[in-house]
Amino acid sequence: MDRIRDQINATARRVPTWAVYILCLLPAPYFFYLAVTGNLGPDPVKPLEHKYGELALQLLIAGLCITPLRQHLGINLIRFRRALGLTAFAYVTFHLLVWAVLDVQTLGRVVEDIIKRPYITIGMAGFALLLPLALTSNNYAVRKLGVKWRKLHKLTYLAVFLGGVHYIWLVKGIQLEPLIYMAVILGLLALRLRGRKPSRIAA
């Protein structure tokens, strides 16, 4: 186990962060191409919207995995957390734009849906939480905000949770996949809380 962990850490140190950005963003133009060429079905807008939203949630969950991996397994991928967070925000933005511009199409209906449809309200709340996190995910903001930066970025936990609720609520009926996502999110959040307990007791 130690050998595998050390090999993973050594490989991670050699991987440039720009490669992670490219790898994470590659599905965006690919799925857009599939939509334009009719490979996402006769009505490609909804599948494209859902693909972008699902990728956003997957990347947010991946970012949530980084601290438990380091705490419990000794796997250090911390240098990729910013890339995962920013590409997740990019997919949330793509998801929102496809919904607003290609699906709903008018500003009045966008506002009406946000107010009247609870799952959209929750989704927009998650986007609103991610916006300041994306804007402050740079070295200047980290230096300027200091300790406040860490406190601000704890909003990620709530944003991921709201993303899971949004996914469960938007599907029709009880479906297994969104429930699995939510179970993973709750499990990762529980691991983070469990990992903090010893330091609080010691304090």
# chains A, B, ... in the order shown; residues from 1 in each chain; ligands from 1
$ residues_around --residues "Leu133 of chain A" --least-positions-apart "3" --cutoff "12 Å" --atoms "only C-alpha atoms" --output "ChimeraX atom specification"
/A:82,85-86,88-89,126-130,136-138,141-142,148-159
$ write_last_selection --atoms "N, CA, C and O atoms" --output "compact mmCIF listing (two decimals), in the first residue's frame"
# COMPACT_ATOMS: atom_id res chain seq x y z
N ARG A 82 -7.62 23.35 -7.24
CA ARG A 82 -8.08 24.58 -7.90
C ARG A 82 -8.56 24.28 -9.32
O ARG A 82 -9.60 24.80 -9.76
N GLY A 85 -11.93 22.66 -9.15
CA GLY A 85 -12.96 23.62 -8.77
C GLY A 85 -13.34 24.56 -9.90
O GLY A 85 -14.52 24.82 -10.14
N LEU A 86 -12.33 25.07 -10.60
CA LEU A 86 -12.60 26.03 -11.67
C LEU A 86 -13.26 25.37 -12.88
O LEU A 86 -14.14 25.95 -13.52
N ALA A 88 -15.12 22.72 -12.69
CA ALA A 88 -16.48 22.43 -12.24
C ALA A 88 -17.36 23.66 -12.40
O ALA A 88 -18.50 23.57 -12.89
N PHE A 89 -16.83 24.82 -12.02
CA PHE A 89 -17.60 26.07 -12.18
C PHE A 89 -17.87 26.35 -13.66
O PHE A 89 -18.95 26.83 -14.01
N GLY A 126 -26.87 27.25 -5.63
CA GLY A 126 -25.55 26.62 -5.72
C GLY A 126 -24.62 27.40 -6.62
O GLY A 126 -23.43 27.58 -6.29
N PHE A 127 -25.12 27.87 -7.75
CA PHE A 127 -24.31 28.68 -8.67
C PHE A 127 -23.87 29.97 -7.99
O PHE A 127 -22.71 30.40 -8.13
N ALA A 128 -24.79 30.61 -7.25
CA ALA A 128 -24.46 31.85 -6.56
C ALA A 128 -23.36 31.65 -5.52
O ALA A 128 -22.51 32.53 -5.32
N LEU A 129 -23.35 30.48 -4.88
CA LEU A 129 -22.30 30.17 -3.91
C LEU A 129 -20.95 29.93 -4.59
O LEU A 129 -19.90 30.29 -4.06
N LEU A 130 -20.99 29.31 -5.77
CA LEU A 130 -19.75 29.00 -6.47
C LEU A 130 -19.12 30.23 -7.12
O LEU A 130 -17.90 30.26 -7.32
N THR A 136 -12.37 34.17 -6.51
CA THR A 136 -11.26 34.29 -5.57
C THR A 136 -10.28 33.12 -5.65
O THR A 136 -9.43 32.96 -4.78
N SER A 137 -10.41 32.30 -6.69
CA SER A 137 -9.50 31.17 -6.85
C SER A 137 -8.27 31.58 -7.66
O SER A 137 -7.99 31.05 -8.73
N ASN A 138 -7.56 32.55 -7.14
CA ASN A 138 -6.32 33.00 -7.76
C ASN A 138 -5.35 33.41 -6.65
O ASN A 138 -5.75 33.65 -5.51
N ALA A 141 -6.02 36.75 -4.73
CA ALA A 141 -7.11 36.70 -3.75
C ALA A 141 -6.70 35.92 -2.51
O ALA A 141 -7.06 36.29 -1.40
N VAL A 142 -5.94 34.84 -2.70
CA VAL A 142 -5.48 34.04 -1.57
C VAL A 142 -4.62 34.89 -0.63
O VAL A 142 -4.78 34.86 0.60
N LYS A 148 -9.38 34.53 5.78
CA LYS A 148 -10.76 34.64 5.32
C LYS A 148 -11.00 33.82 4.06
O LYS A 148 -12.12 33.38 3.80
N TRP A 149 -9.93 33.61 3.26
CA TRP A 149 -10.07 32.85 2.02
C TRP A 149 -10.51 31.41 2.33
O TRP A 149 -11.41 30.88 1.68
N ARG A 150 -9.89 30.80 3.33
CA ARG A 150 -10.26 29.43 3.69
C ARG A 150 -11.71 29.36 4.18
O ARG A 150 -12.44 28.42 3.86
N LYS A 151 -12.11 30.34 4.97
CA LYS A 151 -13.49 30.36 5.47
C LYS A 151 -14.47 30.53 4.32
O LYS A 151 -15.53 29.87 4.28
N LEU A 152 -14.14 31.42 3.38
CA LEU A 152 -15.01 31.64 2.23
C LEU A 152 -15.18 30.37 1.41
O LEU A 152 -16.28 30.02 0.99
N HIS A 153 -14.08 29.65 1.21
CA HIS A 153 -14.12 28.48 0.34
C HIS A 153 -14.75 27.26 1.00
O HIS A 153 -14.92 26.23 0.35
N LYS A 154 -15.13 27.38 2.26
CA LYS A 154 -15.93 26.32 2.88
C LYS A 154 -17.35 26.30 2.32
O LYS A 154 -18.09 25.34 2.53
N LEU A 155 -17.73 27.37 1.61
CA LEU A 155 -19.02 27.39 0.95
C LEU A 155 -19.12 26.29 -0.10
O LEU A 155 -20.22 25.93 -0.53
N THR A 156 -17.97 25.75 -0.52
CA THR A 156 -17.97 24.64 -1.48
C THR A 156 -18.82 23.48 -0.98
O THR A 156 -19.56 22.86 -1.76
N TYR A 157 -18.75 23.19 0.32
CA TYR A 157 -19.49 22.06 0.88
C TYR A 157 -20.99 22.24 0.67
O TYR A 157 -21.69 21.31 0.25
N LEU A 158 -21.48 23.44 0.95
CA LEU A 158 -22.90 23.71 0.77
C LEU A 158 -23.27 23.69 -0.71
O LEU A 158 -24.33 23.17 -1.08
N ALA A 159 -22.40 24.23 -1.55
CA ALA A 159 -22.67 24.26 -2.99
C ALA A 159 -22.77 22.85 -3.56
O ALA A 159 -23.67 22.55 -4.37
$ residues_around --residues "Met182 of chain A" --least-positions-apart "5" --cutoff "10 Å" --atoms "only C-alpha atoms" --output "list in words"
Ile61, Val160, Phe161, Leu162, Gly163, Gly164, Val165, Tyr167, Ile168, Glu177, Gly187 and Leu188 of chain A
$ residues_around --residues "Leu26 of chain A" --least-positions-apart "3" --cutoff "12 Å" --atoms "only C-alpha atoms" --output "PDB file with C-alpha atoms, in the first residue's frame"
ATOM      1  CA  ALA A  19      -2.917  19.236 -18.290  1.00  0.00           C
ATOM      2  CA  VAL A  20      -5.667  18.710 -15.702  1.00  0.00           C
ATOM      3  CA  TYR A  21      -7.504  21.805 -16.971  1.00  0.00           C
ATOM      4  CA  ILE A  22      -7.353  20.519 -20.548  1.00  0.00           C
ATOM      5  CA  LEU A  23      -8.356  16.980 -19.613  1.00  0.00           C
ATOM      6  CA  PRO A  29     -16.688  20.740 -26.928  1.00  0.00           C
ATOM      7  CA  TYR A  30     -17.145  17.009 -27.552  1.00  0.00           C
ATOM      8  CA  PHE A  31     -20.676  16.935 -26.145  1.00  0.00           C
ATOM      9  CA  PHE A  32     -21.506  20.223 -27.862  1.00  0.00           C
ATOM     10  CA  TYR A  33     -20.366  18.658 -31.148  1.00  0.00           C
ATOM     11  CA  TYR A  52     -22.817  19.566 -18.444  1.00  0.00           C
ATOM     12  CA  LEU A  55     -19.911  16.718 -15.241  1.00  0.00           C
ATOM     13  CA  THR A  87     -13.481  23.479 -14.335  1.00  0.00           C
ATOM     14  CA  ALA A  90     -17.100  26.226 -15.965  1.00  0.00           C
ATOM     15  CA  TYR A  91     -19.442  23.257 -16.423  1.00  0.00           C
TER      16      TYR A  91
END
$ closest_residue --among "A:Thr67, A:Gln105, A:Asn139, A:Gln175" --to "Leu189 of chain A" --atoms "only C-alpha atoms"
A:Thr67
$ residues_around --residues "Asn9 of chain A" --least-positions-apart "3" --cutoff "10 Å" --atoms "only C-alpha atoms" --output "list in words"
Arg3, Ile4, Arg5, Asp6, Ala12, Arg13, Arg14, Gly74, Ile75, Asn76 and Leu77 of chain A
$ closest_residue --among "A:Ala62, A:Gln71, A:Cys24, A:Val110" --to "Leu193 of chain A" --atoms "only C-alpha atoms"
A:Gln71
$ atom_distance --atom1 "atom CA of Met1 of chain A" --atom2 "atom CA of Leu69 of chain A"
13.4 Å
$ select_by_dssp --residues "segment 7-184 of chain A" --states "helix (DSSP H, G or I)" --output "count of residues only"
149
$ closest_residue --among "A:Cys65, A:Val36, A:Leu96, A:Val15" --to "Glu49 of chain A" --atoms "only C-alpha atoms"
A:Leu96
$ closest_residue --among "A:Ile174, A:Ile66, A:Ala125, A:Val92" --to "Ala28 of chain A" --atoms "only C-alpha atoms"
A:Val92
$ atom_distance --atom1 "atom CA of Leu48 of chain A" --atom2 "atom CA of Leu97 of chain A"
10.8 Å
$ closest_residue --among "A:Val45, A:Ile8, A:Leu34, A:Pro68" --to "Leu191 of chain A" --atoms "only C-alpha atoms"
A:Pro68
$ decode --residues "segment 60-112 of chain A" --atoms "C-alpha atoms" --output "CSV table (one decimal), in the first residue's frame"
chain,number,residue,atom,x,y,z
A,60,LEU,CA,-17.1,19.1,-7.5
A,61,ILE,CA,-17.2,15.6,-5.9
A,62,ALA,CA,-13.7,14.9,-7.2
A,63,GLY,CA,-12.5,18.2,-5.5
A,64,LEU,CA,-14.3,17.1,-2.3
A,65,CYS,CA,-12.3,13.8,-2.4
A,66,ILE,CA,-8.9,15.5,-2.2
A,67,THR,CA,-8.7,16.2,1.5
A,68,PRO,CA,-10.0,12.8,2.7
A,69,LEU,CA,-7.5,11.1,0.3
A,70,ARG,CA,-4.7,13.0,1.9
A,71,GLN,CA,-5.9,12.6,5.5
A,72,HIS,CA,-6.9,8.9,5.4
A,73,LEU,CA,-4.7,7.4,2.6
A,74,GLY,CA,-1.8,9.8,2.4
A,75,ILE,CA,-2.4,10.6,-1.3
A,76,ASN,CA,-1.6,14.2,-2.0
A,77,LEU,CA,-3.5,15.7,-4.9
A,78,ILE,CA,-3.9,19.1,-3.3
A,79,ARG,CA,-2.2,20.9,-6.2
A,80,PHE,CA,-5.1,19.9,-8.5
A,81,ARG,CA,-7.9,21.1,-6.3
A,82,ARG,CA,-8.1,24.6,-7.9
A,83,ALA,CA,-8.2,23.1,-11.4
A,84,LEU,CA,-11.1,20.8,-10.4
A,85,GLY,CA,-13.0,23.6,-8.8
A,86,LEU,CA,-12.6,26.0,-11.7
A,87,THR,CA,-13.5,23.5,-14.3
A,88,ALA,CA,-16.5,22.4,-12.2
A,89,PHE,CA,-17.6,26.1,-12.2
A,90,ALA,CA,-17.1,26.2,-16.0
A,91,TYR,CA,-19.4,23.3,-16.4
A,92,VAL,CA,-22.0,24.8,-14.1
A,93,THR,CA,-21.9,27.9,-16.2
A,94,PHE,CA,-22.3,25.8,-19.4
A,95,HIS,CA,-25.2,24.0,-17.8
A,96,LEU,CA,-26.8,27.3,-16.9
A,97,LEU,CA,-26.2,28.9,-20.3
A,98,VAL,CA,-27.6,25.9,-22.2
A,99,TRP,CA,-30.7,26.0,-20.0
A,100,ALA,CA,-31.2,29.8,-20.2
A,101,VAL,CA,-30.2,30.4,-23.8
A,102,LEU,CA,-31.1,27.3,-25.7
A,103,ASP,CA,-33.9,25.8,-23.6
A,104,VAL,CA,-35.8,28.6,-21.9
A,105,GLN,CA,-34.6,31.3,-24.4
A,106,THR,CA,-36.2,34.4,-22.8
A,107,LEU,CA,-35.1,36.4,-19.7
A,108,GLY,CA,-38.6,36.7,-18.4
A,109,ARG,CA,-39.1,32.9,-18.4
A,110,VAL,CA,-35.7,32.4,-16.8
A,111,VAL,CA,-36.7,34.6,-13.9
A,112,GLU,CA,-40.1,33.0,-13.7
